[in-house]
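First comes the structure, then the notes that go with it.
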Amino acid sequence: MPAAALTLRDVVSGYGDLRVLRGLTLEVPEGSLELVLGRNGVGKTTMLSTIAGLIGTWEGSVRVGERDLKRLPAYRRASTGVVLVQQGKRVFHQLSLLQNVAVGSYAIKMGRNERREYSMELLSQFPRLAGREHERAGALSGGQQQMLAIAQALAAKPSVLLLDEPSAGLSPAIVAEVFERVGELRDSGMTVVLVEQLVDQALPIADHVSVINDGVIVTSGTPSEFDDTAQLQQAYFGSARQPARV
Amino acid sequence: MSSAGSSTSRLATPAQQPAHQAGPPPAEIAAWRRHLAAFLLGRRALVVPIVGAIVLLLFPTLSGNNAYWINQLSQIGMLALVVSGVNLSFGYAGEVQFGQVFMFALGAYLGGILSVHGTTDIVPLLLIGGAAATLAGVVIAVPALRIGGWSLAMASFFLVICLPDVVAIFTRWTGGRNGLVGIPAPTLFGETLDTTALYEVIIVVCIVWFAAYRNLVTSRFGTLFRILRESPVQASSLGYSPARLKLTAYAYGAFPAGLAGVLFGFVGEFLQPESFGLTLAIGIVAASVLGGIESVYGVIAGAAILQLGPQGSLSFQEYAPIAYGAFLIVAAILFRRGLGGIGQDLLLRAANMLVGRRAGAAVTSAGTLSAHLHGDTVAEAHAAEGAGGVPLLSARPGAPLQVSGASKAFGGVKALDDVTLSAEPGRVTALIGSNGSGKTTLLNVICGYAGIDGGEVSLDGETVSGRQPHRIAALGVGRTFQTPSMPRSVSVLDVVASGRFHTDRCGPLSSIFRLPRYWRARRADRERALIPLDLVGLAHLADDEASSLSLGTRRLVEVARALCGEPRLLLLDEPASGLSDEEVERLGRAIRAAAASGTTVVLIEHNFGFVTSVSDTAHVLHIGRLIASGPAKTIGEIPAVIESYLGSSAKPGSRRTLVQERALVTGPTTRP
Amino acid sequence: MGTTIWAGLVQGAIYALVASGFTLSLLPSGVFNFAQGALVVSGSYLTYLWLHTLGLPSVVALVLNLVAGLLMGVVCELVTVRPLRFARGVVQGGPAELVTTVGMATMLIGLISVIWGTDPLRVPWNGPARVVNAIGVHADPVEIVVVGASIVVAVGLFAVFRYTRMGQACRAVAEDREAAMLRGVNVDLLSIGAFACAGALAGVVSMAIGPVTFAIPTLANSLALGGFVALAIGGEGSFLGALGGGLVIGLVSAFAARYIDVNYANLSILALLLVTLSVRPKGLGGAAEARSV
């Protein structure tokens with residue numbers, strides 16, 4: 001098994017007084033795609049925010065390779081290769097596509113023209129975005145914005161890419177396209193943590209699956225172990241959860 | 001549940017046990033400590049302001065007519081009046097504005113001009129000044145409602161800059177930049193008032209206003225203003241127009257400034273525009289911040305410090321602005337809750353110590369501790385009454401909901417596409433579908449938060465689409481939100497009671513004057529709120545501070561609040577997410593009880609098991625379209641539902657490759 | 001007529017310069033720095049100090065003003081914005097910053113009054129002095145410099161924010177602070193940097209503004225409010241909008257003062273502001289992009 005690219009050990013974090021993650025441990029090997037599942041509000045987004053440094057790690061450790069990220073502010077984590085694509089297609093609407101990607105590469109030192117070429121080159125890899133470099137991102141459709149958000153994240157040359165529900169609010173065709181792209185990234189050696197609700201479409205590209213409940217990983221395994229819907233449902237909603245009957 | 005109900009046994013209910021566990025002090029000392037703690041926090045603390053008021057009234061006699069202090073106290077009183085008004089708009093309605101000086105000046109000039117040209121009788125002048133300021137407050141608030149935020153703060157600031165110009169334009173009356181001179185001494189019932197008598201008038205006006213102010217903010221309007229500050233959307237879901245609530249806050253906030261203005265003219269006997277400059281405008285906001293924007297008596301402390309500190313000390317006049325500025329910065333950073341808030345914290349801490357609790361341990365809210373100590377905890381009273389069996393929800397007859405051909409698009413994305421469905425009274429209708437399928441949008445369209453592009457929504461045969469949210473809510477549409485936010489410093493019981501405010505209207509004047517209607521509404525609020533609260537199993541938290549609750553508990557409180565309004569249509573947006581199994585069960589019980597009482601219930605939920613167990617009918621949405629409807633029990637067996645909601649390749653062992661998967665989903669769409 | 005237009009343009013240019021400073025610090029910090037007006041007035045007094053009291057050459061004064069403005073901007077950020085950010089995590093234009101920046105302005109004004117008194121001081125102008133006469137307008141060279149500077153500053157900043165990496169990062173922060181942070185943008189540093197630049201801008205332009213307006217402590221708040229109106233009318237976050245807004249209110253108030261009454265100068269600005277905000281809450285140049293919540 002290759003070395004772990006991302007390691008979370010007994011991580012506790014949350015917002016204000018609220019503990020959301022309660023000792024979460026997760027290890028993602030280099031070049032693999034980890035699919036993280038779970039209901040709303042169990043801590044999936046909190047986990048990604050903790051890794052990216054948007055919220056502090058109260059206890060435990062977050063490591064990328066051998067490097068402990070705990071004391072690193074969010075803006076410096078981008079340059080260590082940890083890049084988060086947040087939920088909700090958060091691109092900069094007022095900026096052009098090219099500028100969006102250029103901001104994505106903010107953490108990388110390069111010259112003015114070099115950056116421009118680099119950004120153009122990156123954009124050209126996205127057929128949906130090609131030829132629209134100078135349009136405002138706000139004018140794009142939802143699917144295009146999601147593609148742009150991914151392009152923007154790639155501009156930072158991530159070693160660990162964190163994706164928070166990239167399929168949310170997208171039509172099936174585009175979802176397939178997004179997942180295909182994510183699969184390619186993994187194939188190219190990138191480590192990916194994918195938080196998703198569309199289990200069935202995400203499973204085929206996953207290398208390993210973890211299910212979060214109540215701020216800890218409750219189940220994990222290979223995708224084939226999660227093929228059975230009933231089993232998945234159980235893992236998803238927690239085995240103890242019985243429907244209320246009145 | 002015990003059925004014992006005497007007042008003595010209430011004092012010894014389990015909830016109070018921790019108070020005695022700090023050690024074995026002699027019973028008498030413990031009792032004394034409890035009394036003292038109760039005094040610090042309790043309603044009897046009203047003694048302090050009353051004694052204070054008497055001392056102030058007697059001050060001239062006590063001090064042998066100390067002219068310096070009589071003047072200082074007059075100034076503090078007038079400043080406190082002005083500042084308390086700012087608290088209503090700033091602290092409660094949440095909008096910073098510097099325009100209060102304008103109302104103050106308006107009262108002053110109006111009073112001054114009228115006393116020069118007409119009557120010097122202070123009573124009608126005060127009424128006129130107050131009324132004019134109120135009117136101006138409303139007029140100024142109208143653009144303020146549209147602007148808000150920075151722009152409002154700055155625009156109101158700019159208004160102050162314009163004041164000398166306005167005064168100059170009316171030079172004939174106001175004396176322009178030279179000032180309005182020769183304001184005669186005021187009279188009261190024909191008697192001319194000297195400085196001391198005027199002082200007494202000021203103190204009386206302050207007492208009356210602060211009593212009214214206290215009565216207003218401790219009534220349901222305090223709750224409503226706090227809800228408004230937290231979330232205007234929530235206020236409108238309770239059947240109150242946010243715009244009107246804000247106007248109310250501005251109007252009542254302007255009134256005391258007008259009063260203070262009239263008094264100011266008489267105290268100074270001279271008015272000039274420089275008295276109403278930016279420094280005063282800033283000072284008023286500073287006093288408000290310092291005193292605590294949410295506090296009643298903190299205002300007086302803030303005004304006193306400002307008057308005696310930076311503004312009053314003549315020897316440091318030169319350095320006053322520097323001190324002032326530094327003070328503003330420090331106050332805004334350190335005293336977020338102001339002196340009032342800090343005072344309350346200290347009192348709570350002291351009371352906690354007296355009864356042997358660690359500060360901030362089990363009880364964090366002054367309300368809870370005070371209620372415990374006074375032995376009239378709502379929760380305890382409730383437990384003592386020992387209501388046996390399942391509490392009965394009273395309800396208005398449910399209203400059938402009909403959605404016909406509803407369409408809604410955001411940008412180019414169709415969130416709702418020709419959705420037609422209905423929900424019947426006495427039944428639970430579930431809306432299910434994956435994220436982004438349009439469920440919440442449909443709810444928002446029904447409630448009026450999102451406009452409808454096509455089709456219509458009708459309630460009991462009456463078209464409601466196109467109406468404003470608070471009007472729809474007032475028709476009896478109760479709802480909960482995906483992210484329940486609770487107003488700060490409001491008890492759980494009051495939050496739940498806010499659900500029924502629109503069904504049992506009680507205006508601000510009734511609250512201020514504590515008319516019978518107020519007491520009736522208040523009693524009904526407390527009684528009616530307990531029923532749904534008990535139903536969701538949270539009666540024991542009635543006195544706790546709502547904002548301290550966890551997310552899951554908040555959801556249940558929101559459900560209780562919606563039920564408290566006896567809704568004809570109840571809309572629940574993912575009420576079970578984040579709840580424990582046991583809480584889900586209580587939620588289910590409450591939902592069934594609501595339906596059993598005749599309410600039309602519409603439920604959005606991801607928890608499929610919960611949906612099938614609690615609902616009668618289910619509708620499935622997928623990318624804005626209704627793809628299936630049917631009995632909730634069997635809805636999960638429809639293939640289209642399995643595909644869209646539970647997942648397409650659900651059959652075990654039939655793993656399709658990504659390419660096949662993609663071919664499948666992209667197949668039908670034509671590509672250029 | 002020509003005189004009125006010119007007077008309006010000069011007044012408007014001053015507001016526009018203040019508004020440019022506002023926008024510069026607003027974009028990456030999200031905070032409306034009310035003390036910007038006080039910074040300009042402080043610059044005027046410093047110019048008086050260097051040129052009149054100490055008799056230094058103009059170039060030296062320019063450098064000193066720039067450095068002093070830079071430092072004051074940094075102090076402003078550290079005192080009025082940073083502690084609040086620390087206390088709350090993220091700030092986006094709450095009432096607390098308004099109180100702290102107003103407090104900073106009050107302090108600066110107080111400090112100036114203690115040092116130089118409250119009487120207007122004539123700030124020297126060592127540039128060309130020959131009055132330019134054209135199309136019936138008598139224009140002081142310093143006035144021409146003020147108007148020119150407002151245009152150069154607005155267009156320059158517009159270009160910087162549009163075309164440089166740093167400027168684009170600032171716009172990204174203005175739109176979504178968190179997302180920008182995730183892309184490696186050091187938002188705290190940008191915030192300090194922007195306040196420093198806004199301070200330096202105030203210091204430099206005050207060398208031309210001071211001779212026009214004289215140095216008066218109470219001018220600080222009027223400038224801040226005028227600048228705010230320019231900003232609000234032109235559209236928050238837009239340099240060119242602020243320039244346009246500034247020039248418009250300068251002209252409107254000049255015409256109101258000339259043709260109605262001098263007392264209507266400020267009132268006409270207030271009316272213009274209220275009408276503009278009622279019709280277009282985001283200002284004339286504001287982003288028209290309406291997005292549903």
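Ligands are numbered from 1 in the order shown, chains are lettered A, B, ... in the order of the structure tokens, and residues start at 1 in each chain.
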Residues of chain C within 9 Å of chain A, counting only C-alpha atoms - could you list those as a PDB file with N, CA and C atoms, in the first residue's frame?
ATOM      1  N   ARG C 162      -8.164  45.651 -11.975  1.00  0.00           N
ATOM      2  CA  ARG C 162      -8.649  44.794 -13.031  1.00  0.00           C
ATOM      3  C   ARG C 162      -7.560  43.882 -13.560  1.00  0.00           C
ATOM      4  N   TYR C 163      -6.352  44.449 -13.701  1.00  0.00           N
ATOM      5  CA  TYR C 163      -5.365  43.718 -14.487  1.00  0.00           C
ATOM      6  C   TYR C 163      -4.224  43.106 -13.695  1.00  0.00           C
ATOM      7  N   THR C 164      -4.039  43.464 -12.442  1.00  0.00           N
ATOM      8  CA  THR C 164      -2.921  42.847 -11.730  1.00  0.00           C
ATOM      9  C   THR C 164      -3.417  41.677 -10.896  1.00  0.00           C
ATOM     10  N   ARG C 165      -2.475  40.813 -10.566  1.00  0.00           N
ATOM     11  CA  ARG C 165      -2.790  39.620  -9.793  1.00  0.00           C
ATOM     12  C   ARG C 165      -3.324  40.026  -8.422  1.00  0.00           C
ATOM     13  N   MET C 166      -2.655  41.019  -7.816  1.00  0.00           N
ATOM     14  CA  MET C 166      -3.051  41.476  -6.490  1.00  0.00           C
ATOM     15  C   MET C 166      -4.461  42.088  -6.534  1.00  0.00           C
ATOM     16  N   GLN C 168      -6.817  41.535  -8.695  1.00  0.00           N
ATOM     17  CA  GLN C 168      -7.832  40.499  -8.911  1.00  0.00           C
ATOM     18  C   GLN C 168      -8.087  39.742  -7.623  1.00  0.00           C
ATOM     19  N   ALA C 169      -7.020  39.504  -6.870  1.00  0.00           N
ATOM     20  CA  ALA C 169      -7.189  38.813  -5.588  1.00  0.00           C
ATOM     21  C   ALA C 169      -8.081  39.652  -4.676  1.00  0.00           C
ATOM     22  N   ARG C 171     -10.425  41.734  -5.517  1.00  0.00           N
ATOM     23  CA  ARG C 171     -11.821  41.633  -5.957  1.00  0.00           C
ATOM     24  C   ARG C 171     -12.402  40.279  -5.578  1.00  0.00           C
ATOM     25  N   ALA C 172     -11.547  39.255  -5.658  1.00  0.00           N
ATOM     26  CA  ALA C 172     -12.005  37.925  -5.257  1.00  0.00           C
ATOM     27  C   ALA C 172     -12.356  37.930  -3.767  1.00  0.00           C
ATOM     28  N   VAL C 173     -11.505  38.563  -2.957  1.00  0.00           N
ATOM     29  CA  VAL C 173     -11.765  38.620  -1.515  1.00  0.00           C
ATOM     30  C   VAL C 173     -13.065  39.372  -1.248  1.00  0.00           C
ATOM     31  N   GLU C 175     -15.595  39.511  -2.978  1.00  0.00           N
ATOM     32  CA  GLU C 175     -16.771  38.722  -3.321  1.00  0.00           C
ATOM     33  C   GLU C 175     -16.958  37.530  -2.391  1.00  0.00           C
ATOM     34  N   ASP C 176     -15.873  36.848  -2.092  1.00  0.00           N
ATOM     35  CA  ASP C 176     -15.974  35.650  -1.266  1.00  0.00           C
ATOM     36  C   ASP C 176     -14.653  35.461  -0.537  1.00  0.00           C
ATOM     37  N   GLU C 178     -13.784  33.726   2.050  1.00  0.00           N
ATOM     38  CA  GLU C 178     -13.380  32.370   2.392  1.00  0.00           C
ATOM     39  C   GLU C 178     -12.801  31.645   1.180  1.00  0.00           C
ATOM     40  N   ALA C 179     -13.510  31.770   0.056  1.00  0.00           N
ATOM     41  CA  ALA C 179     -13.046  31.076  -1.146  1.00  0.00           C
ATOM     42  C   ALA C 179     -11.679  31.599  -1.571  1.00  0.00           C
ATOM     43  N   ALA C 180     -11.462  32.906  -1.426  1.00  0.00           N
ATOM     44  CA  ALA C 180     -10.174  33.473  -1.808  1.00  0.00           C
ATOM     45  C   ALA C 180      -9.075  32.934  -0.904  1.00  0.00           C
ATOM     46  N   MET C 181      -9.388  32.817   0.386  1.00  0.00           N
ATOM     47  CA  MET C 181      -8.435  32.278   1.341  1.00  0.00           C
ATOM     48  C   MET C 181      -8.009  30.876   0.917  1.00  0.00           C
ATOM     49  N   LEU C 182      -8.993  30.090   0.459  1.00  0.00           N
ATOM     50  CA  LEU C 182      -8.710  28.709   0.065  1.00  0.00           C
ATOM     51  C   LEU C 182      -7.813  28.630  -1.160  1.00  0.00           C
ATOM     52  N   ARG C 183      -7.775  29.701  -1.934  1.00  0.00           N
ATOM     53  CA  ARG C 183      -6.911  29.685  -3.119  1.00  0.00           C
ATOM     54  C   ARG C 183      -5.527  30.225  -2.778  1.00  0.00           C
ATOM     55  N   GLY C 184      -5.262  30.441  -1.498  1.00  0.00           N
ATOM     56  CA  GLY C 184      -3.924  30.860  -1.108  1.00  0.00           C
ATOM     57  C   GLY C 184      -3.759  32.348  -0.943  1.00  0.00           C
ATOM     58  N   VAL C 185      -4.850  33.104  -0.953  1.00  0.00           N
ATOM     59  CA  VAL C 185      -4.737  34.546  -0.798  1.00  0.00           C
ATOM     60  C   VAL C 185      -4.662  34.884   0.687  1.00  0.00           C
ATOM     61  N   ASN C 186      -3.607  35.595   1.079  1.00  0.00           N
ATOM     62  CA  ASN C 186      -3.456  35.984   2.477  1.00  0.00           C
ATOM     63  C   ASN C 186      -4.338  37.205   2.724  1.00  0.00           C
ATOM     64  N   VAL C 187      -5.557  36.960   3.130  1.00  0.00           N
ATOM     65  CA  VAL C 187      -6.546  38.036   3.183  1.00  0.00           C
ATOM     66  C   VAL C 187      -6.191  39.095   4.228  1.00  0.00           C
ATOM     67  N   ALA C 287     -23.070  46.378  -9.427  1.00  0.00           N
ATOM     68  CA  ALA C 287     -23.329  45.166 -10.189  1.00  0.00           C
ATOM     69  C   ALA C 287     -24.823  44.915 -10.251  1.00  0.00           C
ATOM     70  N   GLU C 289     -26.227  42.306 -11.181  1.00  0.00           N
ATOM     71  CA  GLU C 289     -26.518  40.879 -11.118  1.00  0.00           C
ATOM     72  C   GLU C 289     -27.407  40.548  -9.921  1.00  0.00           C
TER      73      GLU C 289
END
_With only C-alpha atoms as the counted atoms, please give the residues lying no more than 9 Å from Thr195 (chain B), apart from itself and same-chain residues fewer than 6 positions off, as a PyMOL selection string._
chain B and resi 67+70-71+185+267
*Find the residues in chain B near chain C: any atom within 7 Å counts, using only C-alpha atoms. Write them as a PyMOL selection string.*
chain B and resi 96+143+146-147+154+158+162+165+168-169+318-319+321-322+324-326+328-329+332-333+410
*asked:* Could you tell me how far CA of Leu284 (chain C) sits from CA of Ile282 (chain B), in Å to one decimal place?
replied: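 Atom-to-atom, CA of Ile282 (chain B) and CA of Leu284 (chain C) are spaced 29.2 Å apart.
The coordinates place CA of Gly478 (chain B) at 20.5 Å from CA of Ser404 (chain B).
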*asked:* Write out as a ChimeraX atom specification the set of residues from region 140-306 of chain B that DSSP, computed on the backbone, places in alpha helix (DSSP H).
replied: /B:140-147,149-169,171-174,195-217,220-230,232-237,242-268,278-291,298-306
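Of the residues listed (C:Gly210, C:Gly69, C:Gly227, C:Gly235), C:Gly69 shows the shortest atom-to-atom separation from Ala198 (chain C); distances use only C-alpha atoms.
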